[in-house]
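Text of coords24.txt, listed as compact mmCIF, C-alpha atoms and all ligand atoms:
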```txt
# COMPACT_ATOMS: atom_id res chain seq x y z
CA MET A 1 -8.63 9.10 -14.17
CA SER A 2 -10.49 9.72 -10.95
CA GLN A 3 -11.21 6.56 -8.98
CA HIS A 4 -13.54 5.56 -6.23
CA ILE A 5 -13.12 2.05 -4.92
CA SER A 6 -16.02 0.87 -2.88
CA ILE A 7 -15.83 -2.49 -1.14
CA ARG A 8 -18.86 -4.11 0.43
CA GLY A 9 -19.13 -7.35 2.35
CA LEU A 10 -15.79 -8.61 1.11
CA ARG A 11 -14.88 -12.19 1.97
CA ALA A 12 -11.41 -13.27 1.02
CA GLY A 13 -8.93 -15.97 1.82
CA TYR A 14 -7.10 -18.97 0.53
CA GLY A 15 -8.80 -21.83 -1.25
CA THR A 16 -12.22 -22.01 0.33
CA LEU A 17 -10.98 -20.77 3.73
CA ALA A 18 -12.05 -17.18 4.41
CA VAL A 19 -9.70 -15.15 6.59
CA VAL A 20 -11.37 -11.82 5.81
CA HIS A 21 -15.07 -11.49 6.54
CA ASP A 22 -17.63 -8.87 5.61
CA ILE A 23 -15.24 -5.97 5.06
CA ASP A 24 -16.64 -2.61 3.92
CA LEU A 25 -14.25 0.11 2.87
CA ASP A 26 -13.91 3.06 0.54
CA VAL A 27 -11.01 4.88 -1.05
CA ARG A 28 -11.35 7.92 -3.28
CA SER A 29 -9.03 9.86 -5.56
CA GLY A 30 -6.79 12.16 -3.58
CA GLU A 31 -7.08 10.13 -0.40
CA VAL A 32 -4.58 8.09 1.54
CA VAL A 33 -6.42 5.45 3.55
CA ALA A 34 -4.45 3.44 6.10
CA LEU A 35 -5.16 -0.21 6.87
CA LEU A 36 -3.92 -0.92 10.38
CA GLY A 37 -4.00 -3.96 12.59
CA PRO A 38 -1.97 -6.73 14.18
CA ASN A 39 -0.03 -9.45 12.38
CA GLY A 40 -2.29 -11.97 10.74
CA ALA A 41 -5.32 -9.64 10.81
CA GLY A 42 -5.99 -9.97 7.09
CA LYS A 43 -4.58 -6.69 5.76
CA THR A 44 -2.43 -8.18 3.02
CA THR A 45 -5.17 -10.61 2.04
CA THR A 46 -7.56 -7.67 1.65
CA LEU A 47 -5.09 -5.70 -0.47
CA LEU A 48 -4.22 -8.65 -2.73
CA THR A 49 -7.91 -9.31 -3.27
CA ILE A 50 -8.53 -5.69 -4.22
CA ALA A 51 -5.56 -5.91 -6.61
CA GLY A 52 -7.19 -8.96 -8.21
CA ILE A 53 -4.29 -11.24 -7.31
CA LEU A 54 -6.38 -13.33 -4.92
CA PRO A 55 -9.87 -14.35 -5.99
CA ARG A 56 -12.59 -13.00 -3.76
CA LEU A 57 -14.87 -15.43 -1.97
CA GLY A 58 -17.81 -13.04 -1.67
CA GLY A 59 -18.94 -9.44 -1.62
CA SER A 60 -18.35 -6.68 -4.15
CA ILE A 61 -15.45 -4.48 -5.23
CA LEU A 62 -16.80 -1.53 -7.19
CA TRP A 63 -14.47 0.63 -9.26
CA ASN A 64 -16.32 3.87 -10.00
CA GLY A 65 -19.54 2.02 -9.34
CA VAL A 66 -18.80 -0.93 -11.61
CA ASP A 67 -18.05 -4.39 -10.24
CA GLN A 68 -15.11 -5.59 -12.24
CA HIS A 69 -13.85 -9.12 -12.31
CA VAL A 70 -10.68 -8.09 -14.05
CA PRO A 71 -7.48 -10.14 -13.93
CA ALA A 72 -4.49 -8.56 -12.23
CA HIS A 73 -2.46 -7.87 -15.38
CA ARG A 74 -5.38 -5.98 -16.92
CA ARG A 75 -5.81 -3.96 -13.73
CA ALA A 76 -2.14 -2.99 -13.87
CA ARG A 77 -2.72 -1.56 -17.32
CA SER A 78 -5.79 0.30 -16.13
CA GLY A 79 -3.71 2.13 -13.55
CA VAL A 80 -3.61 0.01 -10.40
CA ALA A 81 -0.15 -0.35 -8.88
CA LEU A 82 0.70 -2.72 -6.04
CA VAL A 83 3.95 -2.26 -4.14
CA SER A 84 4.70 -4.94 -1.60
CA GLU A 85 7.90 -5.59 0.27
CA ARG A 86 10.89 -4.96 -2.02
CA ALA A 87 9.09 -6.16 -5.12
CA VAL A 88 12.02 -5.97 -7.54
CA PHE A 89 13.51 -8.34 -10.08
CA ARG A 90 16.73 -9.20 -8.30
CA GLN A 91 18.69 -10.46 -11.34
CA LEU A 92 17.90 -7.38 -13.42
CA THR A 93 19.71 -4.08 -13.09
CA VAL A 94 17.98 -1.02 -11.70
CA ALA A 95 17.63 0.29 -15.26
CA GLY A 96 16.13 -3.05 -16.33
CA ASN A 97 13.63 -2.92 -13.50
CA LEU A 98 12.59 0.60 -14.47
CA ARG A 99 12.19 -0.39 -18.13
CA LEU A 100 9.79 -3.15 -17.08
CA GLY A 101 7.52 -0.62 -15.41
CA LEU A 102 4.53 0.91 -17.16
CA GLY A 103 5.93 4.44 -16.79
CA GLU A 104 8.94 6.19 -18.27
CA PRO A 105 12.26 5.40 -16.51
CA SER A 106 13.11 9.12 -16.80
CA ARG A 107 10.03 9.95 -14.72
CA ALA A 108 11.10 7.40 -12.08
CA LEU A 109 14.53 9.06 -11.89
CA GLU A 110 12.95 12.49 -11.64
CA LEU A 111 11.00 11.29 -8.59
CA PHE A 112 13.94 9.44 -7.01
CA PRO A 113 17.23 10.86 -8.35
CA GLU A 114 19.14 8.77 -5.80
CA LEU A 115 18.61 5.79 -8.16
CA ARG A 116 20.68 7.41 -10.90
CA PRO A 117 24.13 6.23 -9.71
CA LEU A 118 22.71 2.74 -9.18
CA LEU A 119 21.27 2.21 -12.66
CA ARG A 120 23.70 -0.51 -13.75
CA ARG A 121 23.64 -2.45 -10.50
CA PRO A 122 21.61 -5.69 -10.20
CA ALA A 123 18.62 -4.92 -8.00
CA GLY A 124 19.45 -7.93 -5.80
CA LEU A 125 22.63 -6.15 -4.67
CA LEU A 126 20.83 -3.00 -3.53
CA SER A 127 20.17 -2.34 0.14
CA GLY A 128 16.66 -2.97 1.44
CA GLY A 129 15.88 0.74 1.38
CA GLU A 130 17.19 1.13 -2.17
CA GLN A 131 15.10 -1.82 -3.31
CA GLN A 132 11.98 -0.32 -1.77
CA ILE A 133 12.72 3.03 -3.42
CA LEU A 134 13.16 1.24 -6.74
CA ALA A 135 9.82 -0.54 -6.34
CA MET A 136 8.09 2.77 -5.53
CA ALA A 137 9.85 4.62 -8.34
CA ARG A 138 8.74 2.02 -10.88
CA ALA A 139 5.15 2.16 -9.61
CA LEU A 140 4.88 5.95 -9.35
CA ALA A 141 6.46 6.60 -12.76
CA ALA A 142 3.27 5.23 -14.34
CA ASN A 143 1.08 7.77 -12.49
CA PRO A 144 -1.24 5.06 -11.21
CA ALA A 145 -4.82 6.05 -10.43
CA VAL A 146 -4.84 3.52 -7.59
CA LEU A 147 -1.84 2.77 -5.43
CA LEU A 148 -1.90 -0.24 -3.09
CA LEU A 149 1.03 -0.31 -0.65
CA ASP A 150 1.97 -3.09 1.75
CA GLU A 151 4.40 -2.24 4.56
CA LEU A 152 6.69 0.19 2.80
CA SER A 153 8.59 0.98 5.96
CA LEU A 154 9.47 -2.57 7.03
CA GLY A 155 13.06 -2.62 8.28
CA LEU A 156 14.00 0.72 6.72
CA ALA A 157 15.86 3.66 8.21
CA PRO A 158 13.75 6.67 9.22
CA MET A 159 15.16 8.88 6.43
CA VAL A 160 14.12 6.38 3.75
CA VAL A 161 10.71 5.97 5.35
CA ASN A 162 10.29 9.75 5.22
CA ARG A 163 11.16 9.82 1.51
CA LEU A 164 8.67 7.04 0.76
CA MET A 165 5.88 8.52 2.87
CA ASP A 166 6.36 11.93 1.22
CA SER A 167 6.10 10.29 -2.19
CA VAL A 168 2.89 8.52 -1.15
CA ARG A 169 1.33 11.78 0.03
CA ARG A 170 2.38 13.51 -3.20
CA ALA A 171 0.83 10.75 -5.33
CA ALA A 172 -2.49 11.25 -3.53
CA ASP A 173 -2.22 15.03 -3.87
CA ASN A 174 -1.82 14.43 -7.61
CA GLY A 175 -5.07 12.46 -7.63
CA ALA A 176 -4.21 8.85 -6.83
CA ALA A 177 -6.44 6.79 -4.55
CA VAL A 178 -4.02 5.23 -2.07
CA MET A 179 -4.42 2.32 0.32
CA LEU A 180 -1.55 1.98 2.76
CA ILE A 181 -0.86 -0.99 5.05
CA GLU A 182 1.56 0.10 7.72
CA GLN A 183 2.80 -1.08 11.11
CA GLN A 184 4.21 2.33 11.96
CA VAL A 185 0.81 3.63 12.94
CA ARG A 186 1.69 7.23 13.70
CA ARG A 187 3.64 7.63 10.49
CA ALA A 188 0.74 6.20 8.51
CA LEU A 189 -1.82 8.44 10.20
CA ALA A 190 0.41 11.48 9.61
CA ILE A 191 -0.13 11.20 5.82
CA SER A 192 -3.63 9.63 5.78
CA GLU A 193 -7.08 11.15 5.55
CA ARG A 194 -8.75 8.11 7.06
CA ALA A 195 -7.93 4.71 8.48
CA TYR A 196 -9.48 1.32 9.16
CA LEU A 197 -8.43 -1.03 11.91
CA ILE A 198 -8.65 -4.68 10.97
CA ASN A 199 -8.59 -7.43 13.54
CA GLN A 200 -9.18 -11.12 12.92
CA GLY A 201 -10.40 -10.42 9.41
CA ARG A 202 -12.97 -7.77 10.34
CA VAL A 203 -13.02 -3.99 10.47
CA THR A 204 -13.12 -3.19 14.18
CA ALA A 205 -12.81 0.61 13.95
CA SER A 206 -12.61 3.29 11.31
CA GLY A 207 -12.51 7.05 11.18
CA THR A 208 -10.54 10.08 10.15
CA ALA A 209 -6.82 9.99 10.81
CA GLU A 210 -7.40 12.70 13.39
CA GLU A 211 -9.99 10.61 15.25
CA LEU A 212 -7.72 7.59 15.31
CA ARG A 213 -4.76 9.69 16.45
CA GLY A 214 -7.00 10.81 19.31
CA GLU A 215 -7.68 7.19 20.24
CA LEU A 216 -3.95 6.52 20.20
CA GLU A 217 -3.45 9.33 22.70
CA VAL A 218 -5.86 7.77 25.17
CA GLY A 219 -4.35 4.36 24.54
CA SER A 220 -7.50 2.55 23.44
CA MET A 221 -6.09 1.71 20.03
CA SER A 222 -2.75 0.22 20.99
CA TYR A 223 -4.74 -2.89 21.74
CA TYR A 224 -5.40 -3.29 18.03
CA THR A 225 -1.86 -2.88 16.84
CA SER A 226 0.84 -5.46 17.18
CA SER A 227 3.83 -3.15 17.32
CA PRO A 228 4.47 -0.62 20.05
CA VAL A 229 3.26 2.80 18.96
CA ARG A 230 6.21 4.95 18.01
CA SER A 231 6.35 8.63 17.31
CA PRO A 232 7.56 9.71 13.84
CA ASP A 233 10.89 10.98 15.12
CA GLN A 234 11.87 7.73 16.82
N1 LIG B 301 -1.07 -18.34 1.37
C1 LIG B 301 -1.80 -18.52 2.48
N2 LIG B 301 -2.48 -19.66 2.69
C2 LIG B 301 -3.23 -19.86 3.80
N3 LIG B 301 -3.39 -18.94 4.76
C3 LIG B 301 -2.74 -17.78 4.60
C4 LIG B 301 -1.92 -17.50 3.46
N4 LIG B 301 -1.41 -16.25 3.59
C5 LIG B 301 -1.89 -15.78 4.77
N5 LIG B 301 -2.70 -16.68 5.37
C6 LIG B 301 -3.41 -16.52 6.65
O1 LIG B 301 -4.40 -15.51 6.50
C7 LIG B 301 -4.49 -14.71 7.68
C8 LIG B 301 -4.32 -13.24 7.29
O2 LIG B 301 -3.02 -13.05 6.78
P1 LIG B 301 -2.53 -11.66 6.16
O3 LIG B 301 -1.23 -11.93 5.53
O4 LIG B 301 -3.61 -11.09 5.34
O5 LIG B 301 -2.35 -10.79 7.49
P2 LIG B 301 -1.73 -9.35 7.67
O6 LIG B 301 -2.74 -8.52 8.37
O7 LIG B 301 -1.21 -8.84 6.37
O8 LIG B 301 -0.53 -9.64 8.67
P3 LIG B 301 0.97 -9.04 8.77
O9 LIG B 301 0.83 -7.75 9.53
O10 LIG B 301 1.69 -10.07 9.57
O11 LIG B 301 1.50 -8.89 7.39
C9 LIG B 301 -3.42 -15.24 8.63
O12 LIG B 301 -4.06 -16.08 9.55
C10 LIG B 301 -2.48 -16.02 7.74
O13 LIG B 301 -1.89 -17.07 8.43
MG MG B 302 0.68 -8.39 5.68
```
As structure tokens, how would this structure be written, given the file I've shared?
Ligand SMILES: Nc1ncnc2c1ncn2[C@@H]1O[C@H](COP(=O)(O)OP(=O)(O)OP(=O)(O)O)[C@@H](O)[C@H]1O
Ligand SMILES: [Mg+2]
Amino acid sequence: MSQHISIRGLRAGYGTLAVVHDIDLDVRSGEVVALLGPNGAGKTTTLLTIAGILPRLGGSILWNGVDQHVPAHRRARSGVALVSERAVFRQLTVAGNLRLGLGEPSRALELFPELRPLLRRPAGLLSGGEQQILAMARALAANPAVLLLDELSLGLAPMVVNRLMDSVRRAADNGAAVMLIEQQVRRALAISERAYLINQGRVTASGTAEELRGELEVGSMSYYTSSPVRSPDQ
């Protein structure tokens, strides 16, 4: 189903303490939107609030124009997938992890055939890259309408990052609305339509990926990012 998530004046945080203030952002079907910014800026908090895992403290989150206060497990069934760092069940085998997903394990293996020889291995014994691939495979097998991704590339080899980024782009091309938190700014912008920079819980810049790439060239954006800007082939 086509999705348009429209967020206005979002306040989010922990307990009564807001760490995200007055955030406006939009993501539509077919789009990859990058959320960029330094450590502690509020990116994960924003994503978890959109996913319904953290309660919001204020503002609205409209899904196709409707403000839904839907618990996280119901959102999962309505096609929202969240993939955060190596979110696998470590005691279960790869096959067991795939069976727990909402999609067909065979679809997951079609997308990531490299998991096939690992099916009987406990997920906790996989490498970091293999775990991240497993988490993505499980999420993508369900053809989610909305894909929320938190730092896919963390600590992974460039080849694995390429595989994951390609799969993210393909999911959007197939109609998913994708929100991507990423420290590897250039890699994120390479597959995104648009991006938002978040700093100290507020959106401090936004634009098309091309516009933000331009700002990177002149160096004005490196200020907003915590990691040194690296080119995709580094
Ligand atoms: N469970 C928590 N309880 C209280 N404060 C928290 C909690 N989790 C995060 N915070 C605080 O909220 C702020 C935003 O954190 P968040 O994890 O959203 O940042 P981030 O942009 O995802 O950073 P990073 O790039 O390091 O992952 C930080 O000041 C952080 O210390
Ligand atoms: Mg984070």
Once you count only C-alpha atoms and all ligand atoms, which residues end up within 12 Å of ligand MG 302 (chain B), and could you hand them over as a compact mmCIF listing (two decimals) with C-alpha atoms, in the coordinates of the input?
```txt
# COMPACT_ATOMS: atom_id res chain seq x y z
CA LEU A 35 -5.16 -0.21 6.87
CA LEU A 36 -3.92 -0.92 10.38
CA GLY A 37 -4.00 -3.96 12.59
CA PRO A 38 -1.97 -6.73 14.18
CA ASN A 39 -0.03 -9.45 12.38
CA GLY A 40 -2.29 -11.97 10.74
CA ALA A 41 -5.32 -9.64 10.81
CA GLY A 42 -5.99 -9.97 7.09
CA LYS A 43 -4.58 -6.69 5.76
CA THR A 44 -2.43 -8.18 3.02
CA THR A 45 -5.17 -10.61 2.04
CA THR A 46 -7.56 -7.67 1.65
CA LEU A 47 -5.09 -5.70 -0.47
CA LEU A 48 -4.22 -8.65 -2.73
CA SER A 84 4.70 -4.94 -1.60
CA GLU A 85 7.90 -5.59 0.27
CA LEU A 149 1.03 -0.31 -0.65
CA ASP A 150 1.97 -3.09 1.75
CA GLU A 151 4.40 -2.24 4.56
CA LEU A 152 6.69 0.19 2.80
CA LEU A 154 9.47 -2.57 7.03
CA LEU A 180 -1.55 1.98 2.76
CA ILE A 181 -0.86 -0.99 5.05
CA GLU A 182 1.56 0.10 7.72
CA GLN A 183 2.80 -1.08 11.11
CA ILE A 198 -8.65 -4.68 10.97
CA GLY A 201 -10.40 -10.42 9.41
CA SER A 226 0.84 -5.46 17.18
```
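The two atoms in question, CA of Val178 (chain A) and CA of Ala190 (chain A), are spaced 14.0 Å apart.
Going from CA of Leu212 (chain A) over to CA of Val32 (chain A), you cover 14.1 Å.
Among the candidate residues A:Ser206, A:Thr49, A:Asn143, A:Ser127, the one lying nearest to Ser167 (chain A) is A:Asn143, with distances computed using only C-alpha atoms.
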Give me the residues near Glu211 (chain A) as a PDB file with C-alpha atoms, keeping the file's coordinate frame, where near means some atom within 12 Å (using all atoms listed in the file) and where sequence neighbours in that chain fewer than 3 positions away do not count.
```
ATOM      1  CA  LEU A 189      -1.820   8.440  10.200  1.00  0.00           C
ATOM      2  CA  ALA A 190       0.410  11.480   9.610  1.00  0.00           C
ATOM      3  CA  SER A 192      -3.630   9.630   5.780  1.00  0.00           C
ATOM      4  CA  GLU A 193      -7.080  11.150   5.550  1.00  0.00           C
ATOM      5  CA  ARG A 194      -8.750   8.110   7.060  1.00  0.00           C
ATOM      6  CA  ALA A 195      -7.930   4.710   8.480  1.00  0.00           C
ATOM      7  CA  TYR A 196      -9.480   1.320   9.160  1.00  0.00           C
ATOM      8  CA  ALA A 205     -12.810   0.610  13.950  1.00  0.00           C
ATOM      9  CA  SER A 206     -12.610   3.290  11.310  1.00  0.00           C
ATOM     10  CA  GLY A 207     -12.510   7.050  11.180  1.00  0.00           C
ATOM     11  CA  THR A 208     -10.540  10.080  10.150  1.00  0.00           C
ATOM     12  CA  GLY A 214      -7.000  10.810  19.310  1.00  0.00           C
ATOM     13  CA  GLU A 215      -7.680   7.190  20.240  1.00  0.00           C
ATOM     14  CA  LEU A 216      -3.950   6.520  20.200  1.00  0.00           C
ATOM     15  CA  GLU A 217      -3.450   9.330  22.700  1.00  0.00           C
ATOM     16  CA  VAL A 218      -5.860   7.770  25.170  1.00  0.00           C
ATOM     17  CA  SER A 220      -7.500   2.550  23.440  1.00  0.00           C
ATOM     18  CA  MET A 221      -6.090   1.710  20.030  1.00  0.00           C
TER      19      MET A 221
END
```
*asked:* Let me make sure I understand: among A:Ile53, A:Leu92, A:Ile133, A:Val27, which one has the smallest atom-to-atom distance to ligand LIG 301 (chain B) if we use only C-alpha atoms and all ligand atoms?
replied: A:Ile53
*Which is closer to ligand LIG 301 (chain B) than all the others in A:Gly58, A:Asn97, A:Leu197, A:Glu114, using all atoms listed in the file?*
A:Leu197
*Can you pull out every residue within 9 Å of Ala171 (chain A), counting only C-alpha atoms, but drop anything in the same chain fewer than 4 positions away, and send it as a count of residues only?*
12
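Among the candidates A:Leu156, A:Ile23, A:Val203, A:Ile191, the one nearest to Glu130 (chain A) when counting all atoms listed in the file is A:Leu156.
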_Considering only C-alpha atoms and all ligand atoms, can you say which of A:Asn64, A:Gln131, A:Asn162, A:Thr16 comes closest to ligand LIG 301 (chain B)?_
A:Thr16
*Taking into account all atoms listed in the file, which residue in the set A:Val33, A:Ala108, A:Val185, A:Ala209 is nearest to ligand LIG 301 (chain B)?*
A:Val185
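Residues in contact with Arg11 (chain A) at 7 Å, where only C-alpha atoms are counted and same-chain residues fewer than 5 positions away are skipped, are listed as A:Ala18, A:Val20, A:His21, A:Asp22, A:Ile23, A:Arg56, A:Leu57, A:Gly58, A:Gly59.
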Please determine an axis-aligned box that encloses all atoms of ligand LIG 301 (chain B) listed in the file, with 5 Å added on each side, and express its centre and edge lengths in Å to one decimal as lines of an AutoDock Vina configuration file.
```
center_x = -1.4
center_y = -13.8
center_z = 5.5
size_x = 16.2
size_y = 22.1
size_z = 18.2
```
*What is the atom O4 of ligand LIG 301 (chain B) to CA of Gly13 (chain A) distance in Å?*
8.0 Å
Just the residues within 7 Å of Asp24 (chain A), please, counting only C-alpha atoms, with nothing from its chain fewer than 5 positions along; format it as an mmCIF file with C-alpha atoms, keeping the file's coordinate frame.
```cif
data_model
loop_
_atom_site.group_PDB
_atom_site.id
_atom_site.type_symbol
_atom_site.label_atom_id
_atom_site.label_comp_id
_atom_site.auth_asym_id
_atom_site.auth_seq_id
_atom_site.Cartn_x
_atom_site.Cartn_y
_atom_site.Cartn_z
ATOM 1 C CA ILE A 7 -15.830 -2.490 -1.140
ATOM 2 C CA ARG A 8 -18.860 -4.110 0.430
ATOM 3 C CA GLY A 9 -19.130 -7.350 2.350
ATOM 4 C CA LEU A 10 -15.790 -8.610 1.110
#
```
Your completed region 171-185 of chain A with N, CA, C and O atoms, as a short mmCIF file (atom, residue, chain, number, x, y, z; two decimals), in the coordinates of the input:
```cif
data_model
loop_
_atom_site.label_atom_id
_atom_site.label_comp_id
_atom_site.auth_asym_id
_atom_site.auth_seq_id
_atom_site.Cartn_x
_atom_site.Cartn_y
_atom_site.Cartn_z
N ALA A 171 1.63 11.49 -4.33
CA ALA A 171 0.83 10.75 -5.33
C ALA A 171 -0.66 11.00 -5.10
O ALA A 171 -1.43 11.22 -6.04
N ALA A 172 -1.07 10.99 -3.83
CA ALA A 172 -2.49 11.25 -3.53
C ALA A 172 -2.84 12.70 -3.88
O ALA A 172 -3.89 12.96 -4.46
N ASP A 173 -1.96 13.63 -3.54
CA ASP A 173 -2.22 15.03 -3.87
C ASP A 173 -2.36 15.23 -5.37
O ASP A 173 -3.07 16.11 -5.83
N ASN A 174 -1.69 14.36 -6.15
CA ASN A 174 -1.82 14.43 -7.61
C ASN A 174 -3.00 13.62 -8.12
O ASN A 174 -3.15 13.42 -9.31
N GLY A 175 -3.82 13.08 -7.21
CA GLY A 175 -5.07 12.46 -7.63
C GLY A 175 -5.18 10.96 -7.47
O GLY A 175 -6.22 10.38 -7.76
N ALA A 176 -4.11 10.30 -7.01
CA ALA A 176 -4.21 8.85 -6.83
C ALA A 176 -5.10 8.51 -5.64
O ALA A 176 -5.19 9.28 -4.68
N ALA A 177 -5.74 7.36 -5.71
CA ALA A 177 -6.44 6.79 -4.55
C ALA A 177 -5.46 5.80 -3.94
O ALA A 177 -5.00 4.89 -4.62
N VAL A 178 -5.10 6.01 -2.66
CA VAL A 178 -4.02 5.23 -2.07
C VAL A 178 -4.51 4.43 -0.87
O VAL A 178 -5.20 4.96 0.01
N MET A 179 -4.16 3.15 -0.85
CA MET A 179 -4.42 2.32 0.32
C MET A 179 -3.08 1.86 0.87
O MET A 179 -2.26 1.31 0.14
N LEU A 180 -2.86 2.13 2.16
CA LEU A 180 -1.55 1.98 2.76
C LEU A 180 -1.63 1.06 3.97
O LEU A 180 -2.25 1.39 4.97
N ILE A 181 -1.00 -0.12 3.87
CA ILE A 181 -0.86 -0.99 5.05
C ILE A 181 0.43 -0.59 5.74
O ILE A 181 1.46 -0.47 5.08
N GLU A 182 0.37 -0.38 7.05
CA GLU A 182 1.56 0.10 7.72
C GLU A 182 1.53 -0.30 9.18
O GLU A 182 0.50 -0.23 9.84
N GLN A 183 2.68 -0.77 9.68
CA GLN A 183 2.80 -1.08 11.11
C GLN A 183 3.19 0.15 11.92
O GLN A 183 2.95 0.20 13.12
N GLN A 184 3.84 1.11 11.24
CA GLN A 184 4.21 2.33 11.96
C GLN A 184 3.00 3.26 11.94
O GLN A 184 2.82 4.09 11.06
N VAL A 185 2.14 3.05 12.95
CA VAL A 185 0.81 3.63 12.94
C VAL A 185 0.84 5.16 12.87
O VAL A 185 0.13 5.78 12.08
#
```
